[in-house]
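**Q** Please find model.pdb (PDB, C-alpha atoms, pLDDT in the B column) on the next line:
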```pdb
ATOM      1  CA  MET A   1      17.840 142.159 -54.105  1.00 51.00           C
ATOM      2  CA  THR A   2      15.765 139.045 -54.947  1.00 52.00           C
ATOM      3  CA  ASN A   3      12.867 137.622 -53.023  1.00 50.00           C
ATOM      4  CA  ALA A   4      13.976 134.638 -50.886  1.00 54.00           C
ATOM      5  CA  TRP A   5      10.475 133.121 -50.760  1.00 50.00           C
ATOM      6  CA  PRO A   6       9.189 130.964 -53.628  1.00 52.00           C
ATOM      7  CA  ALA A   7       5.934 131.824 -55.320  1.00 52.00           C
ATOM      8  CA  SER A   8       2.822 130.795 -53.411  1.00 51.00           C
ATOM      9  CA  PRO A   9       1.467 127.352 -54.402  1.00 54.00           C
ATOM     10  CA  VAL A  10      -2.063 128.721 -53.906  1.00 51.00           C
ATOM     11  CA  PRO A  11      -3.361 130.366 -57.092  1.00 54.00           C
ATOM     12  CA  ASP A  12      -4.458 133.993 -56.862  1.00 54.00           C
ATOM     13  CA  THR A  13      -8.255 133.840 -56.930  1.00 52.00           C
ATOM     14  CA  GLY A  14      -8.906 137.432 -55.982  1.00 54.00           C
ATOM     15  CA  LEU A  15     -10.386 136.311 -52.669  1.00 49.00           C
ATOM     16  CA  VAL A  16      -9.566 138.650 -49.822  1.00 51.00           C
ATOM     17  CA  GLY A  17      -8.636 137.196 -46.421  1.00 46.00           C
ATOM     18  CA  ASN A  18      -6.601 138.147 -43.386  1.00 56.00           C
ATOM     19  CA  SER A  19      -4.097 135.382 -43.964  1.00 65.00           C
ATOM     20  CA  GLN A  20      -3.059 132.873 -46.574  1.00 71.00           C
ATOM     21  CA  SER A  21      -4.809 130.060 -44.682  1.00 75.00           C
ATOM     22  CA  GLU A  22      -8.103 131.966 -44.741  1.00 79.00           C
ATOM     23  CA  GLY A  23      -7.687 132.474 -48.465  1.00 80.00           C
ATOM     24  CA  LEU A  24      -7.066 128.768 -48.883  1.00 81.00           C
ATOM     25  CA  GLU A  25     -10.208 127.944 -46.882  1.00 82.00           C
ATOM     26  CA  GLU A  26     -12.232 130.305 -49.079  1.00 81.00           C
ATOM     27  CA  LEU A  27     -10.810 128.695 -52.209  1.00 76.00           C
ATOM     28  CA  LEU A  28     -11.696 125.229 -50.937  1.00 74.00           C
ATOM     29  CA  ALA A  29     -15.237 126.401 -50.162  1.00 74.00           C
ATOM     30  CA  VAL A  30     -15.584 127.718 -53.728  1.00 69.00           C
ATOM     31  CA  LEU A  31     -14.332 124.409 -55.141  1.00 67.00           C
ATOM     32  CA  ARG A  32     -16.732 122.404 -52.937  1.00 67.00           C
ATOM     33  CA  THR A  33     -19.644 124.578 -54.075  1.00 64.00           C
ATOM     34  CA  ALA A  34     -18.697 124.110 -57.727  1.00 59.00           C
ATOM     35  CA  ARG A  35     -18.505 120.347 -57.189  1.00 57.00           C
ATOM     36  CA  ASP A  36     -21.980 120.282 -55.619  1.00 59.00           C
ATOM     37  CA  ARG A  37     -23.439 122.090 -58.648  1.00 66.00           C
ATOM     38  CA  ARG A  38     -22.671 119.220 -61.016  1.00 69.00           C
ATOM     39  CA  VAL A  39     -25.760 118.034 -62.891  1.00 84.00           C
ATOM     40  CA  HIS A  40     -24.884 114.332 -62.661  1.00 90.00           C
ATOM     41  CA  VAL A  41     -22.750 112.401 -60.202  1.00 92.00           C
ATOM     42  CA  GLY A  42     -21.403 108.857 -60.209  1.00 94.00           C
ATOM     43  CA  TYR A  43     -21.838 105.986 -57.773  1.00 95.00           C
ATOM     44  CA  GLU A  44     -19.263 107.252 -55.277  1.00 95.00           C
ATOM     45  CA  GLU A  45     -20.729 110.738 -54.849  1.00 93.00           C
ATOM     46  CA  ALA A  46     -24.346 109.510 -54.930  1.00 94.00           C
ATOM     47  CA  ALA A  47     -23.576 106.941 -52.230  1.00 96.00           C
ATOM     48  CA  HIS A  48     -21.882 109.628 -50.148  1.00 94.00           C
ATOM     49  CA  ARG A  49     -24.860 111.982 -50.463  1.00 93.00           C
ATOM     50  CA  LEU A  50     -27.304 109.198 -49.556  1.00 94.00           C
ATOM     51  CA  GLY A  51     -25.202 107.893 -46.688  1.00 95.00           C
ATOM     52  CA  VAL A  52     -24.981 104.368 -48.095  1.00 95.00           C
ATOM     53  CA  SER A  53     -22.181 102.300 -49.551  1.00 96.00           C
ATOM     54  CA  GLU A  54     -21.347 102.287 -53.223  1.00 96.00           C
ATOM     55  CA  LYS A  55     -21.893  98.503 -53.165  1.00 97.00           C
ATOM     56  CA  TRP A  56     -25.453  99.033 -51.862  1.00 96.00           C
ATOM     57  CA  LEU A  57     -26.237 101.292 -54.835  1.00 95.00           C
ATOM     58  CA  ARG A  58     -24.666  98.923 -57.368  1.00 96.00           C
ATOM     59  CA  GLU A  59     -26.590  95.914 -56.010  1.00 97.00           C
ATOM     60  CA  ARG A  60     -29.945  97.722 -56.275  1.00 96.00           C
ATOM     61  CA  ILE A  61     -29.389  99.789 -59.440  1.00 95.00           C
ATOM     62  CA  ALA A  62     -32.107  97.935 -61.377  1.00 95.00           C
ATOM     63  CA  THR A  63     -34.735  99.183 -58.911  1.00 95.00           C
ATOM     64  CA  LEU A  64     -33.413 102.728 -58.418  1.00 96.00           C
ATOM     65  CA  PRO A  65     -33.895 105.855 -60.556  1.00 95.00           C
ATOM     66  CA  HIS A  66     -30.725 106.774 -62.455  1.00 95.00           C
ATOM     67  CA  ARG A  67     -29.380 107.953 -65.829  1.00 95.00           C
ATOM     68  CA  LYS A  68     -27.486 105.768 -68.238  1.00 95.00           C
ATOM     69  CA  MET A  69     -25.182 107.498 -70.703  1.00 93.00           C
ATOM     70  CA  GLY A  70     -23.501 104.810 -72.708  1.00 95.00           C
ATOM     71  CA  LYS A  71     -21.827 102.526 -70.193  1.00 94.00           C
ATOM     72  CA  TYR A  72     -21.886 105.173 -67.441  1.00 94.00           C
ATOM     73  CA  VAL A  73     -24.470 105.151 -64.657  1.00 95.00           C
ATOM     74  CA  LEU A  74     -25.105 108.639 -63.318  1.00 95.00           C
ATOM     75  CA  PHE A  75     -27.475 110.171 -60.789  1.00 95.00           C
ATOM     76  CA  SER A  76     -29.122 113.591 -60.963  1.00 93.00           C
ATOM     77  CA  HIS A  77     -30.204 115.598 -57.922  1.00 91.00           C
ATOM     78  CA  GLU A  78     -33.780 114.483 -58.621  1.00 93.00           C
ATOM     79  CA  ASP A  79     -32.704 110.803 -58.796  1.00 94.00           C
ATOM     80  CA  ILE A  80     -30.973 111.070 -55.423  1.00 94.00           C
ATOM     81  CA  ALA A  81     -34.014 112.775 -53.880  1.00 94.00           C
ATOM     82  CA  ALA A  82     -36.300 110.073 -55.328  1.00 95.00           C
ATOM     83  CA  ILE A  83     -34.098 107.286 -53.949  1.00 95.00           C
ATOM     84  CA  SER A  84     -34.154 108.937 -50.538  1.00 94.00           C
ATOM     85  CA  SER A  85     -37.942 109.263 -50.567  1.00 93.00           C
ATOM     86  CA  MET A  86     -38.350 105.629 -51.690  1.00 93.00           C
ATOM     87  CA  PHE A  87     -36.905 104.511 -48.376  1.00 91.00           C
ATOM     88  CA  ALA A  88     -38.643 107.042 -46.114  1.00 91.00           C
ATOM     89  CA  VAL A  89     -40.360 105.451 -43.123  1.00 90.00           C
ATOM     90  CA  CYS A  90     -43.338 107.327 -41.716  1.00 86.00           C
ATOM     91  CA  PRO A  91     -45.666 106.131 -38.936  1.00 81.00           C
ATOM     92  CA  PRO A  92     -49.321 105.791 -39.939  1.00 82.00           C
ATOM     93  CA  GLU A  93     -51.319 108.985 -39.393  1.00 79.00           C
ATOM     94  CA  GLY A  94     -53.743 109.070 -36.488  1.00 71.00           C
ATOM     95  CA  GLU A  95     -52.242 106.067 -34.712  1.00 63.00           C
ATOM     96  CA  PRO A  96     -50.170 106.943 -31.672  1.00 61.00           C
ATOM     97  CA  ASP A  97     -47.071 104.908 -30.987  1.00 58.00           C
ATOM     98  CA  SER A  98     -48.276 102.092 -28.724  1.00 59.00           C
ATOM     99  CA  ARG A  99     -44.830 101.754 -27.148  1.00 59.00           C
ATOM    100  CA  ALA A 100     -44.481 105.366 -26.063  1.00 58.00           C
ATOM    101  CA  GLY A 101     -44.741 105.686 -22.306  1.00 59.00           C
ATOM    102  CA  SER A 102     -46.412 102.317 -21.741  1.00 61.00           C
ATOM    103  CA  ALA A 103     -43.396 100.326 -20.563  1.00 60.00           C
ATOM    104  CA  SER A 104     -42.126 100.507 -17.022  1.00 70.00           C
ATOM    105  CA  ILE A 105     -38.875  99.201 -15.595  1.00 72.00           C
ATOM    106  CA  SER A 106     -40.696  96.198 -14.106  1.00 73.00           C
ATOM    107  CA  ASP A 107     -41.812  95.191 -17.627  1.00 75.00           C
ATOM    108  CA  LEU A 108     -38.218  94.977 -18.890  1.00 73.00           C
ATOM    109  CA  LYS A 109     -36.669  91.534 -19.153  1.00 75.00           C
ATOM    110  CA  PRO A 110     -33.062  90.610 -19.986  1.00 74.00           C
ATOM    111  CA  SER A 111     -32.362  89.099 -23.369  1.00 74.00           C
ATOM    112  CA  ARG A 112     -31.644  85.384 -23.702  1.00 74.00           C
ATOM    113  CA  ALA A 113     -28.061  86.159 -24.640  1.00 68.00           C
ATOM    114  CA  GLY A 114     -27.589  87.804 -21.256  1.00 60.00           C
ATOM    115  CA  ARG A 115     -29.031  84.807 -19.445  1.00 61.00           C
ATOM    116  CA  ARG A 116     -26.812  82.348 -21.309  1.00 59.00           C
ATOM    117  CA  HIS A 117     -23.641  84.074 -20.215  1.00 57.00           C
ATOM    118  CA  ALA A 118     -24.657  84.378 -16.575  1.00 55.00           C
ATOM    119  CA  ALA A 119     -23.728  80.910 -15.372  1.00 53.00           C
TER     120      ALA A 119
END
```
Hey, can you dump this file as structure tokens for me?

**A**
Amino acid sequence: MTNAWPASPVPDTGLVGNSQSEGLEELLAVLRTARDRRVHVGYEEAAHRLGVSEKWLRERIATLPHRKMGKYVLFSHEDIAAISSMFAVCPPEGEPDSRAGSASISDLKPSRAGRRHAA
């Protein structure tokens, strides 16, 4: 008697799970981890990791740390961390935020846009 089911499309990775879907999830996690271990990434992945658009990176590439291998622009983990720290915004030390807790509801005024529309 022959098996009526075709061979599984998921390769046997040796991962143990309660069901085929769990095994697939484990396989995907392994693949994601391997992808994150790459030494250099391109514009698309670097933009994704930084939370910016690929266009934003391309427009500012002359001012950002990166690697150039032939015609390819690549980013290392250190480059991405440096780009992130370049744009960090920190309040000055020792100076409390002057806006915190000082405004009351009576101090609030509507914007001009709101007044224009109320005719």

**Q** Rank A:Cys90, A:Lys71, A:Glu44, A:Leu27 by their smallest atom-to-atom distance to Arg58 in chain A, using all atoms listed in the file, and report the top residue only.

**A** A:Glu44

**Q** What do you get, as a PyMOL selection string, if you spell out every residue that the PyMOL selection byres ((chain A and resi 75) around 12) selects here?

**A** chain A and resi 38-47+49-50+57+61+64-69+72-74+76-83

**Q** Distance CA of Gly51 in chain A-CA of Gly70 in chain A, one decimal place?

**A**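 Calculated distance between CA of Gly51 in chain A and CA of Gly70 in chain A is 26.3 Å.
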